[in-house]
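Structure file query_2.pdb with PDB, C-alpha atoms and all ligand atoms:
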```pdb
MODEL        1
ATOM      1  CA  MET A  30      -3.420   0.162   7.652
ATOM      2  CA  THR A  31      -4.041   3.801   6.929
ATOM      3  CA  GLU A  32      -0.374   4.629   6.490
ATOM      4  CA  SER A  33      -0.675   6.861   3.448
ATOM      5  CA  GLU A  34      -2.162   9.767   5.385
ATOM      6  CA  ASN A  35       0.312   9.644   8.244
ATOM      7  CA  THR A  36       3.459   9.057   6.205
ATOM      8  CA  LYS A  37       2.742  11.836   3.708
ATOM      9  CA  GLY A  38       5.745  14.141   3.434
ATOM     10  CA  GLN A  39       7.975  11.731   5.324
ATOM     11  CA  PRO A  40      11.090  10.420   3.569
ATOM     12  CA  ASP A  41      11.447   6.741   2.669
ATOM     13  CA  VAL A  42      13.340   4.693   5.237
ATOM     14  CA  LEU A  43      16.321   3.772   3.045
ATOM     15  CA  PRO A  44      17.341   7.228   1.751
ATOM     16  CA  ALA A  45      16.524   8.753   5.131
ATOM     17  CA  ALA A  46      18.786   6.237   6.870
ATOM     18  CA  LEU A  47      21.584   6.646   4.325
ATOM     19  CA  PHE A  48      21.609  10.440   4.377
ATOM     20  CA  GLY A  49      20.498  11.111   7.977
ATOM     21  CA  LEU A  50      17.202  12.786   7.127
ATOM     22  CA  CYS A  51      14.674  13.943   9.709
ATOM     23  CA  PRO A  52      11.909  11.286   9.871
ATOM     24  CA  ARG A  53       9.201  13.957   9.945
ATOM     25  CA  CYS A  54      10.239  16.675   7.477
ATOM     26  CA  GLY A  55      13.010  14.983   5.457
ATOM     27  CA  GLN A  56      15.638  17.684   6.059
ATOM     28  CA  LYS A  57      19.221  16.569   6.592
ATOM     29  CA  THR A  58      19.245  17.332  10.328
ATOM     30  CA  LEU A  59      19.352  13.946  12.075
ATOM     31  CA  PHE A  60      23.056  13.854  12.979
ATOM     32  CA  ARG A  61      25.119  16.332  15.007
ATOM     33  CA  SER A  62      28.383  14.421  14.412
ATOM     34  CA  ILE A  63      29.340  11.252  12.547
ATOM     35  CA  THR A  64      27.263   8.899  14.693
ATOM     36  CA  ALA A  65      25.617  11.139  17.337
ATOM     37  CA  PHE A  66      22.056  12.362  16.898
ATOM     38  CA  ALA A  67      21.226  16.043  17.152
ATOM     39  CA  ASP A  68      18.910  17.013  20.038
ATOM     40  CA  GLN A  69      16.171  18.138  17.702
ATOM     41  CA  CYS A  70      15.455  18.838  14.050
ATOM     42  CA  ARG A  71      16.714  22.288  13.038
ATOM     43  CA  ALA A  72      13.976  22.561  10.413
ATOM     44  CA  CYS A  73      10.773  21.279  12.049
ATOM     45  CA  GLY A  74      11.774  21.032  15.732
ATOM     46  CA  LEU A  75      11.085  17.297  16.103
ATOM     47  CA  ASP A  76      12.597  16.225  19.437
ATOM     48  CA  TYR A  77      15.096  13.425  18.727
ATOM     49  CA  THR A  78      15.895  12.895  22.417
ATOM     50  CA  LYS A  79      12.534  11.231  23.080
ATOM     51  CA  PHE A  80      13.571   8.338  20.838
ATOM     52  CA  ASN A  81      15.683   5.758  22.610
ATOM     53  CA  VAL A  82      17.831   4.094  19.981
ATOM     54  CA  GLY A  83      21.137   4.016  21.884
ATOM     55  CA  ASP A  84      24.103   2.075  20.593
ATOM     56  CA  GLY A  85      22.210  -1.192  20.542
ATOM     57  CA  PRO A  86      23.239  -2.272  17.032
ATOM     58  CA  ALA A  87      26.965  -1.547  17.633
ATOM     59  CA  ALA A  88      28.086  -4.960  18.924
ATOM     60  CA  PHE A  89      25.983  -6.799  16.377
ATOM     61  CA  LEU A  90      27.363  -4.726  13.486
ATOM     62  CA  THR A  91      30.949  -5.071  14.702
ATOM     63  CA  LEU A  92      30.615  -8.853  14.560
ATOM     64  CA  ILE A  93      29.176  -8.763  11.026
ATOM     65  CA  VAL A  94      31.757  -6.277   9.747
ATOM     66  CA  GLY A  95      34.556  -8.212  11.454
ATOM     67  CA  GLY A  96      33.482 -11.422   9.758
ATOM     68  CA  LEU A  97      33.221  -9.771   6.340
ATOM     69  CA  VAL A  98      36.610  -8.034   6.629
ATOM     70  CA  LEU A  99      38.276 -11.242   7.792
ATOM     71  CA  ALA A 100      36.823 -13.138   4.825
ATOM     72  CA  LEU A 101      37.991 -10.426   2.397
ATOM     73  CA  ALA A 102      41.457 -10.357   3.981
ATOM     74  CA  LEU A 103      41.770 -14.131   3.608
ATOM     75  CA  ILE A 104      40.700 -13.963  -0.043
ATOM     76  CA  VAL A 105      43.256 -11.224  -0.767
ATOM     77  CA  GLU A 106      46.008 -13.060   1.117
ATOM     78  CA  LEU A 107      45.382 -16.397  -0.560
ATOM     79  CA  ASN A 108      45.130 -14.968  -4.077
ATOM     80  CA  LEU A 109      47.595 -12.038  -4.117
ATOM     81  CA  HIS A 110      50.000 -12.727  -1.187
ATOM     82  CA  PRO A 111      50.597  -9.008  -0.467
ATOM     83  CA  PRO A 112      53.131  -7.960   2.240
ATOM     84  CA  MET A 113      51.793  -7.370   5.761
ATOM     85  CA  TRP A 114      51.840  -3.564   5.561
ATOM     86  CA  VAL A 115      49.427  -3.716   2.620
ATOM     87  CA  HIS A 116      46.967  -5.603   4.801
ATOM     88  CA  VAL A 117      47.306  -2.994   7.554
ATOM     89  CA  LEU A 118      46.844  -0.077   5.153
ATOM     90  CA  LEU A 119      43.904  -1.784   3.501
ATOM     91  CA  TRP A 120      41.848  -3.317   6.304
ATOM     92  CA  VAL A 121      42.229  -0.862   9.189
ATOM     93  CA  PRO A 122      40.545   2.063   7.371
ATOM     94  CA  ILE A 123      38.011  -0.238   5.690
ATOM     95  CA  THR A 124      37.033  -1.736   9.062
ATOM     96  CA  ILE A 125      36.691   1.646  10.765
ATOM     97  CA  GLY A 126      34.726   3.067   7.853
ATOM     98  CA  ALA A 127      32.420   0.063   7.645
ATOM     99  CA  VAL A 128      31.671   0.036  11.396
ATOM    100  CA  VAL A 129      31.036   3.792  11.603
ATOM    101  CA  GLY A 130      29.037   3.861   8.371
ATOM    102  CA  SER A 131      26.847   0.882   9.203
ATOM    103  CA  LEU A 132      26.318   2.126  12.769
ATOM    104  CA  ARG A 133      25.200   5.504  11.481
ATOM    105  CA  VAL A 134      22.810   4.014   8.927
ATOM    106  CA  SER A 135      21.345   1.469  11.331
ATOM    107  CA  LYS A 136      20.814   4.053  14.104
ATOM    108  CA  ALA A 137      19.103   6.352  11.610
ATOM    109  CA  ALA A 138      16.932   3.483  10.366
ATOM    110  CA  LEU A 139      15.890   2.639  13.945
ATOM    111  CA  ILE A 140      14.907   6.214  14.824
ATOM    112  CA  ILE A 141      13.022   6.584  11.522
ATOM    113  CA  LEU A 142      11.108   3.346  12.021
ATOM    114  CA  GLU A 143      10.378   4.276  15.642
ATOM    115  CA  HIS A 144       8.973   7.630  14.550
ATOM    116  CA  ARG A 145       7.018   6.071  11.694
ATOM    117  CA  ASN A 146       5.438   3.334  13.804
ATOM    118  CA  GLN A 147       4.294   5.811  16.451
ATOM    119  CA  ALA A 148       3.019   8.205  13.804
ATOM    120  CA  SER A 149       1.093   5.465  12.013
ATOM    121  CA  GLU A 150      -1.070   4.986  15.106
ATOM    122  CA  GLY A 151      -2.040   8.649  14.952
ATOM    123  CA  LYS A 152      -0.954   9.249  18.560
ATOM    124  CA  ILE A 153       2.579  10.456  19.015
ATOM    125  CA  ASP A 154       2.872  11.357  22.688
ATOM    126  CA  GLU A 155       0.504  10.287  25.451
ATOM    127  CA  GLY A 156      -1.228   7.521  23.491
ATOM    128  CA  ALA A 157       1.935   5.509  22.847
ATOM    129  CA  GLY A 158       2.182   4.046  26.352
ATOM    130  CA  ARG A 159      -1.428   2.915  26.455
ATOM    131  CA  GLU A 160      -1.157   1.327  23.019
ATOM    132  CA  ALA A 161       2.000  -0.535  23.976
ATOM    133  CA  PHE A 162       0.131  -1.807  27.041
ATOM    134  CA  ALA A 163      -2.825  -2.883  24.900
ATOM    135  CA  ASP A 164      -0.469  -4.551  22.413
ATOM    136  CA  ASN A 165       1.137  -6.509  25.238
ATOM    137  CA  LEU A 166      -2.248  -7.642  26.510
ATOM    138  CA  PHE A 167      -3.227  -8.765  23.045
ATOM    139  CA  THR A 168       0.054 -10.618  22.539
ATOM    140  CA  ASP A 169      -0.210 -12.329  25.913
ATOM    141  CA  ARG A 170      -3.749 -13.435  25.196
ATOM    142  CA  ARG A 171      -2.701 -14.818  21.828
ATOM    143  CA  ILE A 172       0.167 -16.784  23.334
ATOM    144  CA  GLY A 173      -2.145 -17.992  26.094
ATOM    145  CA  SER A 174      -4.800 -19.235  23.695
ATOM    146  CA  ARG A 175      -2.208 -20.882  21.497
ATOM    147  CA  GLY A 176      -0.847 -22.706  24.544
ATOM    148  CA  HIS A 177      -4.371 -23.749  25.473
ATOM    149  CA  ASP A 178      -5.049 -25.027  21.959
ATOM    150  CA  LEU A 179      -1.847 -27.043  22.049
ATOM    151  CA  SER A 180      -2.733 -28.718  25.346
ATOM    152  CA  TRP A 181      -6.197 -29.540  24.049
ATOM    153  CA  PHE A 182      -4.613 -31.100  20.956
ATOM    154  CA  LEU A 183      -2.206 -33.154  23.032
ATOM    155  CA  ALA A 184      -4.966 -34.336  25.365
ATOM    156  CA  ALA A 185      -7.154 -35.364  22.428
ATOM    157  CA  GLY A 186      -4.329 -37.246  20.718
TER     158      GLY A 186
HETATM  159 ZN    ZN B 201      12.437  17.795  10.797
ENDMDL
END
```
Mind converting the file's structure to structure tokens?
Ligand SMILES: [Zn+2]
Amino acid sequence: MTESENTKGQPDVLPAALFGLCPRCGQKTLFRSITAFADQCRACGLDYTKFNVGDGPAAFLTLIVGGLVLALALIVELNLHPPMWVHVLLWVPITIGAVVGSLRVSKAALIILEHRNQASEGKIDEGAGREAFADNLFTDRRIGSRGHDLSWFLAAG
């Protein structure tokens, strides 16, 4: 992998995801609102709309956050027995904050990784489709040969 040349000047994935940094120039331009991406980077002009992250991680994150909050609420209830209004005041804002925060970070991480993986091939625009096609061919051939090897093994045994 010749990543060093192509990732020079780019922010690391973790701080970039946490602070919403542009994957190309590292300026804090990724988000237009709490969880919505800007159309493009205000500093370097990188077009964010060509990345297709969507809200894919939302359902997944909601399940994880829901499980964690429920576990914490049970621990608090069983150990401290607070009145019901304490639970409401405590868990409603924590749940909202955790879902929005984790959604924001995970969407930023996806767009950063998407940009980085395309950039690491050295072809950002027209080459990406052909490479994806070539990758698929390679993967299919690998699966095919593995299947063939398995049948040969079974026939021999
Ligand atoms: Zn930028």
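Straight-line separation from CA of Thr64 in chain A to CA of Arg133 in chain A: 5.1 Å.
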> Which neighbours of Lys136 in chain A fall inside 7 Å, counting all atoms listed in the file, when residues of the same chain fewer than 4 positions from it are skipped, and could you give them as a PyMOL selection string?
Replying inline: chain A and resi 82+132+140
>> To test your reading of the syntax: which residues would the PyMOL selection byres (((not hetatm)) within 9 of (chain B and resi 201)) return for the file shown? Reply as a PyMOL selection string.
In response: chain A and resi 50-59+69-76
>> If we count all atoms listed in the file and set the cut-off at 9 Å, which residues sit around Ile123 in chain A, ignoring sequence neighbours fewer than 5 positions away in its own chain? Please answer as a list in words.
In response: Val98, Leu118 and Val128 of chain A
> How many Å separate CA of Leu90 in chain A from CA of Ser135 in chain A?
Replying inline: 8.9 Å
> So how many Å separate CA of Asn81 in chain A and CA of Ala138 in chain A, to one decimal?
Replying inline: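 Pair CA of Asn81 in chain A / CA of Ala138 in chain A returns 12.5 Å.
Excluding Leu139 in chain A itself and same-chain residues fewer than 3 positions from it, the residues having an atom within 12 Å of it are Val42, Leu43, Ala45, Ala46, Leu47, Gly49, Pro52, Leu59, Phe66, Tyr77, Phe80, Asn81, Val82, Gly83, Asp84, Gly85, Pro86, Leu132, Arg133, Val134, Ser135, Lys136, Leu142, Glu143, His144, Arg145 and Asn146 of chain A, counting all atoms listed in the file.
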Store the residues of this selection in a file with C-alpha atoms, as a PDB file, keeping the file's coordinate frame.
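Now in out_28.pdb:
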```
ATOM      1  CA  VAL A  42      13.340   4.693   5.237  1.00  0.00           C
ATOM      2  CA  LEU A  43      16.321   3.772   3.045  1.00  0.00           C
ATOM      3  CA  ALA A  45      16.524   8.753   5.131  1.00  0.00           C
ATOM      4  CA  ALA A  46      18.786   6.237   6.870  1.00  0.00           C
ATOM      5  CA  LEU A  47      21.584   6.646   4.325  1.00  0.00           C
ATOM      6  CA  GLY A  49      20.498  11.111   7.977  1.00  0.00           C
ATOM      7  CA  PRO A  52      11.909  11.286   9.871  1.00  0.00           C
ATOM      8  CA  LEU A  59      19.352  13.946  12.075  1.00  0.00           C
ATOM      9  CA  PHE A  66      22.056  12.362  16.898  1.00  0.00           C
ATOM     10  CA  TYR A  77      15.096  13.425  18.727  1.00  0.00           C
ATOM     11  CA  PHE A  80      13.571   8.338  20.838  1.00  0.00           C
ATOM     12  CA  ASN A  81      15.683   5.758  22.610  1.00  0.00           C
ATOM     13  CA  VAL A  82      17.831   4.094  19.981  1.00  0.00           C
ATOM     14  CA  GLY A  83      21.137   4.016  21.884  1.00  0.00           C
ATOM     15  CA  ASP A  84      24.103   2.075  20.593  1.00  0.00           C
ATOM     16  CA  GLY A  85      22.210  -1.192  20.542  1.00  0.00           C
ATOM     17  CA  PRO A  86      23.239  -2.272  17.032  1.00  0.00           C
ATOM     18  CA  LEU A 132      26.318   2.126  12.769  1.00  0.00           C
ATOM     19  CA  ARG A 133      25.200   5.504  11.481  1.00  0.00           C
ATOM     20  CA  VAL A 134      22.810   4.014   8.927  1.00  0.00           C
ATOM     21  CA  SER A 135      21.345   1.469  11.331  1.00  0.00           C
ATOM     22  CA  LYS A 136      20.814   4.053  14.104  1.00  0.00           C
ATOM     23  CA  LEU A 142      11.108   3.346  12.021  1.00  0.00           C
ATOM     24  CA  GLU A 143      10.378   4.276  15.642  1.00  0.00           C
ATOM     25  CA  HIS A 144       8.973   7.630  14.550  1.00  0.00           C
ATOM     26  CA  ARG A 145       7.018   6.071  11.694  1.00  0.00           C
ATOM     27  CA  ASN A 146       5.438   3.334  13.804  1.00  0.00           C
TER      28      ASN A 146
END
```
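Among the candidates A:Leu107, A:Ile125, A:Ile63, A:Ala137, the residue lying nearest to Val94 in chain A is A:Ile125 (atoms considered: all atoms listed in the file).
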